[in-house]
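Listing of structure_8.txt, compact mmCIF, C-alpha atoms
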# COMPACT_ATOMS: atom_id res chain seq x y z
CA MET S 1 109.88 -351.15 -10.93
CA TYR S 2 110.06 -353.82 -8.31
CA GLY S 3 107.32 -353.64 -5.70
CA PHE S 4 107.86 -351.77 -2.44
CA GLU S 5 105.96 -350.03 0.29
CA ILE S 6 106.00 -346.26 0.60
CA GLU S 7 105.74 -344.23 3.78
CA ARG S 8 105.34 -340.49 3.99
CA PRO S 9 106.25 -339.28 7.49
CA THR S 10 105.69 -335.66 8.49
CA SER S 11 108.68 -335.22 10.81
CA VAL S 12 112.41 -335.94 10.64
CA ALA S 13 112.14 -338.12 13.75
CA ASP S 14 109.47 -340.31 12.15
CA ALA S 15 111.50 -340.53 8.93
CA VAL S 16 114.60 -341.67 10.80
CA ALA S 17 112.55 -344.30 12.61
CA ALA S 18 111.03 -345.52 9.33
CA LEU S 19 114.48 -345.74 7.74
CA GLY S 20 115.49 -348.21 10.43
CA ALA S 21 113.63 -350.95 8.52
CA ASP S 22 115.70 -353.44 6.55
CA GLU S 23 116.42 -352.24 2.96
CA ALA S 24 114.51 -349.00 3.51
CA GLN S 25 115.62 -346.00 1.43
CA ALA S 26 114.94 -342.29 1.68
CA LEU S 27 113.15 -340.61 -1.24
CA GLY S 28 113.92 -336.90 -1.68
CA GLY S 29 112.40 -335.32 -4.78
CA GLY S 30 112.83 -338.57 -6.67
CA GLN S 31 114.13 -336.98 -9.87
CA THR S 32 117.08 -339.38 -9.93
CA LEU S 33 115.82 -342.18 -7.71
CA ILE S 34 112.53 -342.81 -9.52
CA PRO S 35 114.20 -343.26 -12.95
CA THR S 36 116.73 -345.53 -11.18
CA LEU S 37 113.92 -347.61 -9.71
CA LYS S 38 112.26 -347.86 -13.12
CA GLN S 39 115.45 -349.37 -14.49
CA ARG S 40 115.45 -351.86 -11.63
CA LEU S 41 118.86 -350.66 -10.51
CA ALA S 42 117.63 -350.44 -6.91
CA MET S 43 115.39 -352.77 -4.95
CA PRO S 44 114.34 -351.15 -1.66
CA SER S 45 111.77 -352.89 0.51
CA LYS S 46 110.37 -349.54 1.51
CA LEU S 47 110.71 -345.95 0.39
CA VAL S 48 110.51 -343.24 3.02
CA ALA S 49 109.31 -340.13 1.18
CA LEU S 50 110.68 -336.94 2.72
CA SER S 51 108.35 -334.68 0.71
CA GLY S 52 105.77 -334.48 3.50
CA ILE S 53 108.18 -333.02 6.06
CA ALA S 54 107.46 -329.28 6.25
CA GLU S 55 110.31 -328.64 8.72
CA LEU S 56 112.84 -329.52 5.97
CA ARG S 57 111.70 -326.75 3.61
CA TYR S 58 113.17 -323.28 4.18
CA VAL S 59 115.74 -320.77 3.01
CA ARG S 60 116.85 -318.31 5.67
CA ARG S 61 119.78 -316.08 6.39
CA GLU S 62 121.43 -316.00 9.80
CA GLY S 63 124.27 -313.54 9.88
CA ASP S 64 126.65 -314.38 7.06
CA VAL S 65 125.30 -317.89 6.61
CA LEU S 66 122.49 -319.02 4.32
CA LYS S 67 120.68 -322.01 5.76
CA ILE S 68 118.67 -324.21 3.45
CA GLY S 69 116.46 -327.06 4.61
CA GLY S 70 117.36 -330.43 3.08
CA GLY S 71 113.90 -330.86 1.55
CA THR S 72 113.93 -327.48 -0.22
CA THR S 73 113.39 -327.74 -3.97
CA HIS S 74 115.72 -326.24 -6.55
CA GLY S 75 112.87 -323.97 -7.67
CA THR S 76 112.47 -322.58 -4.15
CA VAL S 77 116.22 -321.99 -3.81
CA ALA S 78 116.23 -320.23 -7.18
CA ARG S 79 113.53 -317.84 -5.94
CA GLU S 80 114.34 -317.42 -2.26
CA ALA S 81 118.16 -317.34 -2.31
CA ALA S 82 118.30 -314.73 -5.06
CA GLY S 83 118.54 -311.78 -2.69
CA ASN S 84 121.14 -313.17 -0.27
CA PHE S 85 123.24 -315.42 -2.48
CA PRO S 86 122.53 -314.81 -6.18
CA GLY S 87 125.30 -317.16 -7.35
CA LEU S 88 123.64 -320.10 -5.63
CA ALA S 89 120.16 -319.07 -6.82
CA ALA S 90 121.44 -318.94 -10.41
CA LEU S 91 122.90 -322.43 -10.07
CA ALA S 92 119.58 -323.78 -8.79
CA ALA S 93 117.68 -322.04 -11.60
CA LYS S 94 119.60 -324.00 -14.23
CA ILE S 95 119.29 -327.51 -12.83
CA GLY S 96 117.25 -329.75 -15.12
CA ASP S 97 114.04 -328.08 -16.26
CA PRO S 98 111.15 -326.31 -14.46
CA ALA S 99 109.28 -329.52 -13.56
CA VAL S 100 112.44 -331.18 -12.25
CA ARG S 101 113.24 -328.07 -10.18
CA ASN S 102 109.79 -328.22 -8.58
CA ARG S 103 110.50 -331.72 -7.18
CA GLY S 104 114.26 -332.17 -6.87
CA THR S 105 115.77 -331.14 -3.53
CA ILE S 106 119.15 -329.90 -2.34
CA GLY S 107 119.38 -332.67 0.25
CA GLY S 108 118.60 -335.32 -2.34
CA SER S 109 121.19 -333.96 -4.75
CA LEU S 110 123.90 -333.87 -2.09
CA ALA S 111 123.01 -337.33 -0.77
CA ASN S 112 123.18 -338.78 -4.28
CA ASN S 113 126.46 -336.96 -5.15
CA ASP S 114 126.18 -337.51 -8.88
CA PRO S 115 129.62 -336.70 -10.35
CA SER S 116 127.95 -334.29 -12.79
CA ALA S 117 125.45 -332.64 -10.43
CA CYS S 118 125.59 -328.89 -9.78
CA TYR S 119 125.01 -328.56 -6.02
CA PRO S 120 128.14 -330.47 -4.94
CA ALA S 121 130.25 -327.78 -6.64
CA ALA S 122 128.52 -325.03 -4.66
CA ALA S 123 128.76 -326.89 -1.35
CA LEU S 124 132.44 -327.67 -1.77
CA ALA S 125 133.42 -324.24 -3.13
CA CYS S 126 131.67 -322.52 -0.23
CA GLY S 127 133.00 -324.87 2.41
CA ALA S 128 129.39 -325.53 3.34
CA THR S 129 128.36 -327.59 6.34
CA ILE S 130 126.07 -330.54 5.63
CA VAL S 131 123.83 -331.04 8.64
CA THR S 132 122.12 -334.38 9.16
CA ASN S 133 119.72 -335.74 11.75
CA SER S 134 122.71 -336.78 13.85
CA ARG S 135 125.74 -334.54 13.11
CA GLU S 136 127.40 -331.76 11.10
CA ILE S 137 129.80 -332.65 8.28
CA ALA S 138 132.21 -330.22 6.59
CA ALA S 139 131.95 -330.29 2.79
CA ASP S 140 135.66 -331.12 2.57
CA ASP S 141 134.94 -334.36 4.47
CA TYR S 142 131.52 -335.06 2.97
CA PHE S 143 132.24 -335.80 -0.70
CA GLN S 144 134.06 -339.12 -0.95
CA GLY S 145 133.93 -339.98 -4.65
CA MET S 146 131.37 -340.70 -7.33
CA PHE S 147 127.94 -341.34 -5.72
CA THR S 148 129.73 -341.71 -2.38
CA THR S 149 129.40 -339.47 0.67
CA ALA S 150 130.10 -339.52 4.39
CA LEU S 151 126.41 -340.29 5.07
CA GLU S 152 125.67 -343.46 6.98
CA GLU S 153 122.72 -345.73 6.19
CA GLY S 154 119.48 -344.04 7.12
CA GLU S 155 121.09 -340.62 7.72
CA ILE S 156 119.10 -337.68 6.34
CA VAL S 157 120.46 -334.32 5.16
CA THR S 158 118.36 -331.88 7.16
CA GLU S 159 120.14 -328.60 6.38
CA VAL S 160 122.94 -327.15 4.31
CA ARG S 161 124.76 -324.08 5.66
CA PHE S 162 126.50 -321.89 3.12
CA PRO S 163 128.86 -319.17 4.34
CA ILE S 164 127.82 -316.33 2.01
CA PRO S 165 130.79 -315.32 -0.20
CA GLU S 166 131.79 -311.77 -1.12
CA LYS S 167 131.58 -312.80 -4.75
CA ALA S 168 130.58 -316.06 -6.38
CA ALA S 169 129.43 -317.56 -9.65
CA TYR S 170 128.79 -320.96 -11.16
CA THR S 171 129.29 -321.64 -14.84
CA LYS S 172 128.18 -324.86 -16.43
CA PHE S 173 129.04 -326.33 -19.80
CA GLU S 174 125.85 -328.27 -20.27
CA GLN S 175 125.44 -331.71 -21.69
CA PRO S 176 122.49 -330.45 -23.73
CA ALA S 177 120.25 -333.53 -23.48
CA SER S 178 120.44 -334.05 -19.73
CA ARG S 179 121.44 -330.51 -18.72
CA PHE S 180 123.85 -332.04 -16.23
CA ALA S 181 127.31 -330.45 -16.22
CA LEU S 182 129.81 -331.72 -18.76
CA VAL S 183 131.98 -329.46 -16.64
CA GLY S 184 130.72 -327.02 -14.03
CA VAL S 185 132.85 -324.69 -11.93
CA PHE S 186 131.81 -322.80 -8.81
CA VAL S 187 134.10 -319.97 -7.74
CA ALA S 188 133.60 -318.40 -4.30
CA LYS S 189 135.61 -315.45 -2.99
CA TYR S 190 135.85 -314.94 0.77
CA ALA S 191 137.84 -312.45 2.84
CA ASP S 192 140.41 -315.16 3.59
CA GLY S 193 140.76 -316.55 0.07
CA VAL S 194 139.11 -318.06 -2.97
CA ARG S 195 137.78 -321.60 -3.34
CA VAL S 196 137.15 -323.30 -6.68
CA ALA S 197 135.18 -326.52 -7.02
CA VAL S 198 134.73 -328.52 -10.21
CA THR S 199 131.91 -330.94 -11.03
CA GLY S 200 131.27 -333.12 -14.08
CA ALA S 201 134.92 -333.71 -14.87
CA SER S 202 136.45 -336.20 -12.48
CA ASN S 203 135.83 -339.90 -12.00
CA ASP S 204 136.16 -339.13 -8.30
CA GLY S 205 133.30 -336.64 -8.37
CA VAL S 206 133.51 -333.02 -7.30
CA PHE S 207 136.99 -331.70 -6.46
CA ARG S 208 138.80 -328.48 -5.57
CA TRP S 209 141.21 -327.03 -8.12
CA SER S 210 143.90 -325.88 -5.73
CA ALA S 211 146.18 -324.25 -8.33
CA ALA S 212 143.34 -321.96 -9.38
CA GLU S 213 142.45 -321.22 -5.76
CA GLU S 214 145.99 -320.08 -5.09
CA ALA S 215 146.18 -317.94 -8.22
CA LEU S 216 142.77 -316.35 -7.64
CA SER S 217 143.46 -315.69 -3.97
CA GLY S 218 146.42 -313.58 -5.18
CA SER S 219 144.51 -311.82 -7.94
CA PHE S 220 140.79 -312.36 -8.52
CA SER S 221 140.82 -312.05 -12.31
CA ALA S 222 140.44 -314.24 -15.37
CA ASP S 223 144.05 -313.42 -16.26
CA ALA S 224 145.23 -315.09 -13.06
CA VAL S 225 143.76 -318.36 -14.30
CA ALA S 226 144.89 -317.93 -17.90
CA GLY S 227 148.48 -318.87 -17.16
CA LEU S 228 147.65 -322.07 -15.33
CA ALA S 229 148.11 -325.49 -16.84
CA ALA S 230 144.82 -327.37 -17.05
CA PRO S 231 144.41 -330.05 -14.39
CA ASP S 232 145.45 -333.56 -15.37
CA GLY S 233 142.81 -335.03 -17.66
CA SER S 234 144.14 -338.57 -17.71
CA ASP S 235 141.82 -339.74 -14.93
CA MET S 236 138.87 -337.57 -15.89
CA ILE S 237 135.56 -338.84 -17.22
CA SER S 238 135.84 -339.87 -20.86
CA ASP S 239 132.60 -340.67 -22.64
CA LEU S 240 130.82 -340.00 -25.91
CA HIS S 241 130.18 -336.41 -24.82
CA GLY S 242 133.85 -335.54 -24.31
CA SER S 243 137.26 -336.97 -23.57
CA GLY S 244 139.12 -336.47 -20.31
CA ALA S 245 141.49 -334.05 -22.04
CA TYR S 246 138.54 -332.04 -23.36
CA ARG S 247 137.00 -331.88 -19.90
CA ALA S 248 140.34 -330.80 -18.41
CA HIS S 249 140.50 -327.99 -20.96
CA LEU S 250 136.94 -326.98 -20.10
CA VAL S 251 137.85 -326.71 -16.41
CA GLY S 252 140.14 -323.78 -17.23
CA VAL S 253 137.65 -322.17 -19.58
CA MET S 254 134.72 -322.44 -17.18
CA THR S 255 136.80 -321.18 -14.26
CA LYS S 256 137.70 -318.06 -16.20
CA ARG S 257 134.08 -317.52 -17.13
CA ALA S 258 133.00 -317.99 -13.53
CA VAL S 259 135.50 -315.37 -12.33
CA VAL S 260 134.25 -312.91 -14.94
CA ALA S 261 130.62 -313.65 -14.02
CA ALA S 262 131.38 -313.16 -10.31
CA GLY S 263 132.62 -309.67 -11.22
CA MET P 1 98.42 -350.62 -0.62
CA THR P 2 98.12 -347.11 0.79
CA GLU P 3 94.96 -345.04 0.86
CA VAL P 4 95.41 -341.57 -0.64
CA THR P 5 93.07 -338.62 -0.84
CA MET P 6 93.74 -335.70 -3.12
CA THR P 7 91.83 -333.09 -5.08
CA VAL P 8 91.98 -333.62 -8.83
CA ASN P 9 90.56 -330.88 -11.03
CA GLY P 10 88.53 -329.58 -8.10
CA LYS P 11 87.04 -332.93 -7.04
CA SER P 12 88.15 -334.86 -3.98
CA VAL P 13 89.15 -338.45 -4.77
CA SER P 14 90.23 -341.30 -2.47
CA ARG P 15 91.75 -344.52 -3.77
CA ALA P 16 94.07 -347.29 -2.65
CA VAL P 17 97.44 -347.09 -4.43
CA ARG P 18 100.43 -349.41 -4.69
CA GLY P 19 103.69 -348.17 -3.17
CA ASN P 20 105.30 -347.95 -6.60
CA GLU P 21 102.26 -346.46 -8.35
CA LEU P 22 103.23 -343.33 -10.24
CA LEU P 23 101.00 -340.28 -10.18
CA VAL P 24 100.52 -340.60 -13.94
CA GLU P 25 99.40 -344.22 -13.56
CA PHE P 26 96.96 -343.14 -10.87
CA LEU P 27 95.54 -340.38 -13.07
CA ARG P 28 95.28 -342.44 -16.24
CA GLU P 29 94.42 -345.91 -14.96
CA GLN P 30 92.48 -345.29 -11.75
CA LEU P 31 90.77 -342.00 -12.63
CA ARG P 32 90.74 -342.61 -16.42
CA LEU P 33 92.03 -339.09 -17.02
CA THR P 34 93.93 -340.07 -20.14
CA GLY P 35 94.64 -336.54 -21.32
CA THR P 36 97.92 -336.69 -19.39
CA HIS P 37 100.24 -338.59 -21.72
CA VAL P 38 103.22 -340.84 -21.09
CA GLY P 39 105.79 -340.06 -23.73
CA CYS P 40 109.14 -341.29 -22.48
CA ASP P 41 108.50 -342.47 -18.92
CA THR P 42 112.09 -341.34 -18.16
CA SER P 43 111.57 -337.69 -17.10
CA GLN P 44 112.76 -336.28 -20.39
CA CYS P 45 109.73 -335.27 -22.44
CA GLY P 46 107.19 -333.47 -20.26
CA ALA P 47 104.11 -334.99 -21.96
CA CYS P 48 102.94 -336.07 -18.49
CA ASN P 49 103.25 -332.61 -16.93
CA VAL P 50 100.50 -331.75 -14.46
CA HIS P 51 100.20 -329.18 -11.69
CA VAL P 52 100.61 -330.27 -8.07
CA ASN P 53 99.74 -327.49 -5.62
CA GLY P 54 100.08 -325.04 -8.49
CA GLU P 55 103.54 -326.13 -9.62
CA VAL P 56 104.28 -328.00 -12.81
CA VAL P 57 105.73 -331.48 -12.21
CA LYS P 58 106.30 -334.64 -14.23
CA ALA P 59 103.59 -337.07 -13.20
CA CYS P 60 105.78 -339.98 -14.35
CA THR P 61 108.43 -339.02 -11.78
CA MET P 62 106.34 -338.71 -8.65
CA PHE P 63 104.52 -341.39 -6.71
CA ALA P 64 100.76 -341.19 -6.26
CA ALA P 65 101.21 -341.62 -2.50
CA GLU P 66 103.24 -338.39 -2.46
CA ALA P 67 100.21 -336.46 -3.69
CA GLN P 68 98.35 -337.14 -0.45
CA GLY P 69 96.41 -333.99 0.37
CA ALA P 70 97.56 -332.20 -2.77
CA GLU P 71 95.64 -330.16 -5.31
CA VAL P 72 96.29 -331.72 -8.71
CA THR P 73 95.29 -330.16 -12.01
CA THR P 74 95.48 -332.05 -15.29
CA ILE P 75 94.73 -330.96 -18.85
CA GLU P 76 91.12 -332.03 -18.26
CA GLY P 77 90.89 -329.28 -15.66
CA MET P 78 92.14 -326.49 -17.91
CA ALA P 79 89.01 -325.61 -19.92
CA ASN P 80 86.73 -322.82 -18.75
CA ALA P 81 83.74 -323.69 -16.54
CA ASP P 82 81.37 -323.52 -19.54
CA GLY P 83 83.46 -326.05 -21.44
CA SER P 84 85.04 -323.56 -23.83
CA LEU P 85 88.81 -323.64 -24.31
CA SER P 86 90.98 -321.62 -21.94
CA THR P 87 92.97 -318.71 -23.33
CA ILE P 88 96.10 -320.84 -23.65
CA GLN P 89 94.29 -323.76 -25.27
CA GLN P 90 92.53 -321.41 -27.71
CA ALA P 91 95.87 -319.82 -28.60
CA PHE P 92 97.33 -323.24 -29.41
CA GLN P 93 94.41 -323.79 -31.77
CA ASP P 94 94.56 -320.32 -33.32
CA HIS P 95 98.31 -320.43 -33.93
CA HIS P 96 98.54 -324.07 -34.96
CA GLY P 97 100.60 -324.85 -31.86
CA LEU P 98 100.34 -328.58 -32.39
CA GLN P 99 100.82 -331.13 -35.09
CA CYS P 100 100.22 -334.68 -33.83
CA GLY P 101 99.08 -333.33 -30.46
CA PHE P 102 100.81 -335.89 -28.28
CA CYS P 103 102.99 -333.39 -26.39
CA THR P 104 100.23 -330.76 -26.25
CA PRO P 105 98.78 -331.53 -22.78
CA GLY P 106 102.24 -331.18 -21.24
CA MET P 107 102.97 -328.06 -23.27
CA VAL P 108 99.72 -326.42 -22.10
CA MET P 109 100.42 -327.30 -18.46
CA SER P 110 103.95 -325.88 -18.71
CA ALA P 111 102.68 -322.76 -20.43
CA ALA P 112 100.05 -322.19 -17.76
CA ALA P 113 102.68 -322.50 -15.02
CA LEU P 114 104.93 -320.01 -16.79
CA LEU P 115 102.23 -317.41 -17.37
CA LYS P 116 101.08 -317.62 -13.77
CA ASP P 117 104.54 -316.52 -12.56
CA ASN P 118 105.54 -314.42 -15.56
CA PRO P 119 102.49 -312.98 -17.34
CA LYS P 120 104.47 -311.32 -20.15
CA PRO P 121 107.48 -313.55 -20.86
CA SER P 122 109.94 -312.79 -23.61
CA GLU P 123 110.34 -315.29 -26.44
CA ALA P 124 113.66 -316.38 -24.89
CA GLU P 125 111.99 -316.95 -21.53
CA VAL P 126 109.28 -319.07 -23.14
CA ARG P 127 111.87 -321.20 -24.92
CA HIS P 128 113.91 -321.57 -21.73
CA HIS P 129 110.82 -322.60 -19.79
CA LEU P 130 109.99 -325.29 -22.36
CA GLN P 131 113.38 -327.03 -22.00
CA GLY P 132 111.67 -329.98 -20.35
CA ASN P 133 108.94 -330.36 -22.99
CA ILE P 134 109.85 -332.27 -26.11
CA CYS P 135 107.79 -332.10 -29.32
CA ARG P 136 108.87 -334.82 -31.73
CA CYS P 137 107.03 -333.12 -34.56
CA THR P 138 109.58 -330.38 -33.78
CA GLY P 139 106.79 -327.87 -33.94
CA TYR P 140 108.27 -325.59 -31.30
CA HIS P 141 107.94 -322.39 -33.29
CA ASN P 142 104.17 -322.23 -33.25
CA ILE P 143 104.04 -323.48 -29.67
CA VAL P 144 106.16 -320.51 -28.62
CA LYS P 145 104.02 -318.25 -30.74
CA ALA P 146 100.82 -319.57 -29.16
CA ILE P 147 102.16 -318.99 -25.64
CA MET P 148 103.27 -315.48 -26.53
CA ALA P 149 99.82 -314.79 -27.98
CA ALA P 150 98.11 -316.25 -24.90
CA SER P 151 100.06 -313.76 -22.81
CA GLY P 152 98.45 -310.98 -24.81
CA GLN P 153 101.59 -310.00 -26.68
CA ASP P 154 101.79 -309.15 -30.36
CA VAL P 155 103.15 -312.14 -32.26
CA GLY P 156 103.14 -310.50 -35.68
CA ALA P 157 106.90 -309.98 -35.44
CA ILE P 158 107.54 -313.69 -34.85
CA ALA P 159 108.07 -314.76 -38.43
CA ALA P 160 107.18 -318.24 -39.58
CA GLU P 161 110.19 -320.42 -40.17
Do you think you could lay out the structure here as structure tokens?
Amino acid sequence: MYGFEIERPTSVADAVAALGADEAQALGGGQTLIPTLKQRLAMPSKLVALSGIAELRYVRREGDVLKIGGGTTHGTVAREAAGNFPGLAALAAKIGDPAVRNRGTIGGSLANNDPSACYPAAALACGATIVTNSREIAADDYFQGMFTTALEEGEIVTEVRFPIPEKAAYTKFEQPASRFALVGVFVAKYADGVRVAVTGASNDGVFRWSAAEEALSGSFSADAVAGLAAPDGSDMISDLHGSGAYRAHLVGVMTKRAVVAAG
Amino acid sequence: MTEVTMTVNGKSVSRAVRGNELLVEFLREQLRLTGTHVGCDTSQCGACNVHVNGEVVKACTMFAAEAQGAEVTTIEGMANADGSLSTIQQAFQDHHGLQCGFCTPGMVMSAAALLKDNPKPSEAEVRHHLQGNICRCTGYHNIVKAIMAASGQDVGAIAAE
């Protein structure tokens, strides 16, 4: 690692102020950023650790919306969202491994927007609102490609608001070494229709599979998806774990499994 | 340098740390608690697992400065007050839950975290919980057996492989 200073503010306001420094970077749970720093792929002058900010850690229901503080760990979401939104809790319970889940945060995951991360699929499928220290961003506007989001420099994800679906499930075909998604599909059924978001597959990061959304909004069943052509795999991620065509095939398979799991 | 104060194995410690000083470097190099191992240094293997405020974390993927005010427990803090092995440690010995022993501190810390939340886990739950702990002797079978035994369950049915 290159050398840098570290600050650990205890409020969002202090963190925003600290991030005003030149080349300062926010540190969520660090489960991606710290390995990145070790590889010298980033050279911040200062890290602003968000782990000391108690006001960013909560899971609470308000009406039909589940609100999760940006600094809430995957392990906490797995435990505390289970009653109100079991599909999201199950997603959180399968990120990484227990030690990773005790550090990694929902805000960090969404800010990083890894193309194979799990949370972006949930946020996009639910039409979540990503709340920052300065504004609210709809999930449809937030994800802007691999490792790219609508966040400005120094902006912190303070809360994620999930409209609670009638039915939902996430199914992940794991890359077994990293436990990231080779393909992961989140299906969310609402009164006004079904949304389907896919992670792990596209070079552009998480995306909505509109053909499946249309079919499932008509009939919420695995059969409704069975007749669909797989999305175009020609621009999907191709690597030693699977070709683009293989990932495209998995999108259909995992969508069907998610519909069955959602019940 | 930043001054940090934390409680490690029940004792309060204060030291100056570099901004990029990992918790595992702090434990091993400043406090000389070398029971916590560095296997991969890339968050894969779990040999550096310790407890921070009661939760298992990878000490190679957390900065020492982030442990300000925390309660940290390492493998050195796991034995009973009289120095005898804890139930989990004794079970690892009784069931030959280690070969070279390098991964063992992390395995014991993970096991302790699991049994705190889930005192009678199934074999599948134990294996799922150990996803982030790698044993390159591939001695998982007896590790699982030791954890099941430490939870007070009959391990006679778990056949040797």
So which residues are close to (136.3, -325.1, -12.1), meaning at most 9 Å away in the file's coordinates with all atoms listed in the file counted, and can you show them as a ChimeraX atom specification? /S:121,170-171,183-187,196-199,207-209,212,250-256,258
Using only C-alpha atoms, what table do you get, as CSV, when you list each residue of chain P with an atom no more than 9 Å from chain S, its nearest pair of atoms, and their distance in Å rounded to one decimal, rows by chain then rising number?
residue,atom,partner,partner_atom,distance
P:Met1,CA,S:Glu5,CA,7.6
P:Thr2,CA,S:Ile6,CA,7.9
P:Arg18,CA,S:Glu5,CA,7.5
P:Gly19,CA,S:Glu5,CA,4.5
P:Asn20,CA,S:Gly3,CA,6.1
P:Asp41,CA,S:Pro35,CA,8.3
P:Thr42,CA,S:Pro35,CA,5.9
P:Ser43,CA,S:Pro35,CA,7.4
P:Gln44,CA,S:Ser178,CA,8.0
P:Gly46,CA,S:Ala99,CA,8.1
P:Asn49,CA,S:Ala99,CA,7.6
P:Glu55,CA,S:Asn102,CA,6.7
P:Val56,CA,S:Ala99,CA,5.3
P:Val57,CA,S:Ala99,CA,4.3
P:Lys58,CA,S:Ala99,CA,6.0
P:Cys60,CA,S:Ile34,CA,8.8
P:Thr61,CA,S:Ile34,CA,6.0
P:Met62,CA,S:Gly30,CA,6.8
P:Phe63,CA,S:Ile34,CA,8.6
P:Ala65,CA,S:Ile6,CA,7.4
P:Glu66,CA,S:Ser51,CA,7.1
P:Gln68,CA,S:Gly52,CA,8.8
P:Ser110,CA,S:Ala99,CA,8.3
P:His128,CA,S:Asp97,CA,8.5
P:His129,CA,S:Pro98,CA,6.5
P:Leu130,CA,S:Asp97,CA,7.8
P:Gln131,CA,S:Asp97,CA,5.9
P:Gly132,CA,S:Asp97,CA,5.1
P:Asn133,CA,S:Asp97,CA,8.7
Would you save the residues from that selection as a PDB file, in the frame of the given file, using C-alpha atoms?
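Final output, saved to again18.pdb:
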ATOM      1  CA  MET P   1      98.420-350.620  -0.620  1.00  0.00           C
ATOM      2  CA  THR P   2      98.120-347.110   0.790  1.00  0.00           C
ATOM      3  CA  ARG P  18     100.430-349.410  -4.690  1.00  0.00           C
ATOM      4  CA  GLY P  19     103.690-348.170  -3.170  1.00  0.00           C
ATOM      5  CA  ASN P  20     105.300-347.950  -6.600  1.00  0.00           C
ATOM      6  CA  ASP P  41     108.500-342.470 -18.920  1.00  0.00           C
ATOM      7  CA  THR P  42     112.090-341.340 -18.160  1.00  0.00           C
ATOM      8  CA  SER P  43     111.570-337.690 -17.100  1.00  0.00           C
ATOM      9  CA  GLN P  44     112.760-336.280 -20.390  1.00  0.00           C
ATOM     10  CA  GLY P  46     107.190-333.470 -20.260  1.00  0.00           C
ATOM     11  CA  ASN P  49     103.250-332.610 -16.930  1.00  0.00           C
ATOM     12  CA  GLU P  55     103.540-326.130  -9.620  1.00  0.00           C
ATOM     13  CA  VAL P  56     104.280-328.000 -12.810  1.00  0.00           C
ATOM     14  CA  VAL P  57     105.730-331.480 -12.210  1.00  0.00           C
ATOM     15  CA  LYS P  58     106.300-334.640 -14.230  1.00  0.00           C
ATOM     16  CA  CYS P  60     105.780-339.980 -14.350  1.00  0.00           C
ATOM     17  CA  THR P  61     108.430-339.020 -11.780  1.00  0.00           C
ATOM     18  CA  MET P  62     106.340-338.710  -8.650  1.00  0.00           C
ATOM     19  CA  PHE P  63     104.520-341.390  -6.710  1.00  0.00           C
ATOM     20  CA  ALA P  65     101.210-341.620  -2.500  1.00  0.00           C
ATOM     21  CA  GLU P  66     103.240-338.390  -2.460  1.00  0.00           C
ATOM     22  CA  GLN P  68      98.350-337.140  -0.450  1.00  0.00           C
ATOM     23  CA  SER P 110     103.950-325.880 -18.710  1.00  0.00           C
ATOM     24  CA  HIS P 128     113.910-321.570 -21.730  1.00  0.00           C
ATOM     25  CA  HIS P 129     110.820-322.600 -19.790  1.00  0.00           C
ATOM     26  CA  LEU P 130     109.990-325.290 -22.360  1.00  0.00           C
ATOM     27  CA  GLN P 131     113.380-327.030 -22.000  1.00  0.00           C
ATOM     28  CA  GLY P 132     111.670-329.980 -20.350  1.00  0.00           C
ATOM     29  CA  ASN P 133     108.940-330.360 -22.990  1.00  0.00           C
TER      30      ASN P 133
END
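For the pair CA of Ser221 (chain S) and CA of Val260 (chain S), the separation is 7.1 Å.
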S:Ala261, S:Ala211, S:Gly244, S:Ala150: which is nearest Leu228 (chain S), counting all atoms listed in the file? S:Ala211
Could you state the separation of CA of Pro105 (chain P) and CA of Val38 (chain P) in Å, given to one decimal place? 10.5 Å
Near Glu153 (chain S), within 12 Å and counting only C-alpha atoms, which residues show up once chain neighbours fewer than 2 positions away are dropped, as a list of chain:residue names?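 Contacts, in chain order: S:Val16, S:Leu19, S:Gly20, S:Ala21, S:Asp22, S:Glu23, S:Ala24, S:Gln25, S:Ala26, S:Ala111, S:Thr132, S:Asn133, S:Ser134, S:Thr148, S:Thr149, S:Ala150, S:Leu151, S:Glu155, S:Ile156, S:Val157.
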Residue with smallest distance to Asp117 (chain P) - pool S:Ala226, S:Ala18, S:Arg79, S:Gly193, counting only C-alpha atoms: S:Arg79
Residue neighbourhood Leu27 (chain P), 9 Å, all atoms listed in the file, exclusion window fewer than 2 positions, as a PDB file with C-alpha atoms, in the frame of the given file:
ATOM      1  CA  VAL P   8      91.980-333.620  -8.830  1.00  0.00           C
ATOM      2  CA  LEU P  22     103.230-343.330 -10.240  1.00  0.00           C
ATOM      3  CA  LEU P  23     101.000-340.280 -10.180  1.00  0.00           C
ATOM      4  CA  VAL P  24     100.520-340.600 -13.940  1.00  0.00           C
ATOM      5  CA  GLU P  25      99.400-344.220 -13.560  1.00  0.00           C
ATOM      6  CA  GLU P  29      94.420-345.910 -14.960  1.00  0.00           C
ATOM      7  CA  GLN P  30      92.480-345.290 -11.750  1.00  0.00           C
ATOM      8  CA  LEU P  31      90.770-342.000 -12.630  1.00  0.00           C
ATOM      9  CA  ARG P  32      90.740-342.610 -16.420  1.00  0.00           C
ATOM     10  CA  LEU P  33      92.030-339.090 -17.020  1.00  0.00           C
ATOM     11  CA  THR P  34      93.930-340.070 -20.140  1.00  0.00           C
ATOM     12  CA  THR P  36      97.920-336.690 -19.390  1.00  0.00           C
ATOM     13  CA  ALA P  59     103.590-337.070 -13.200  1.00  0.00           C
ATOM     14  CA  ALA P  64     100.760-341.190  -6.260  1.00  0.00           C
ATOM     15  CA  THR P  74      95.480-332.050 -15.290  1.00  0.00           C
TER      16      THR P  74
END
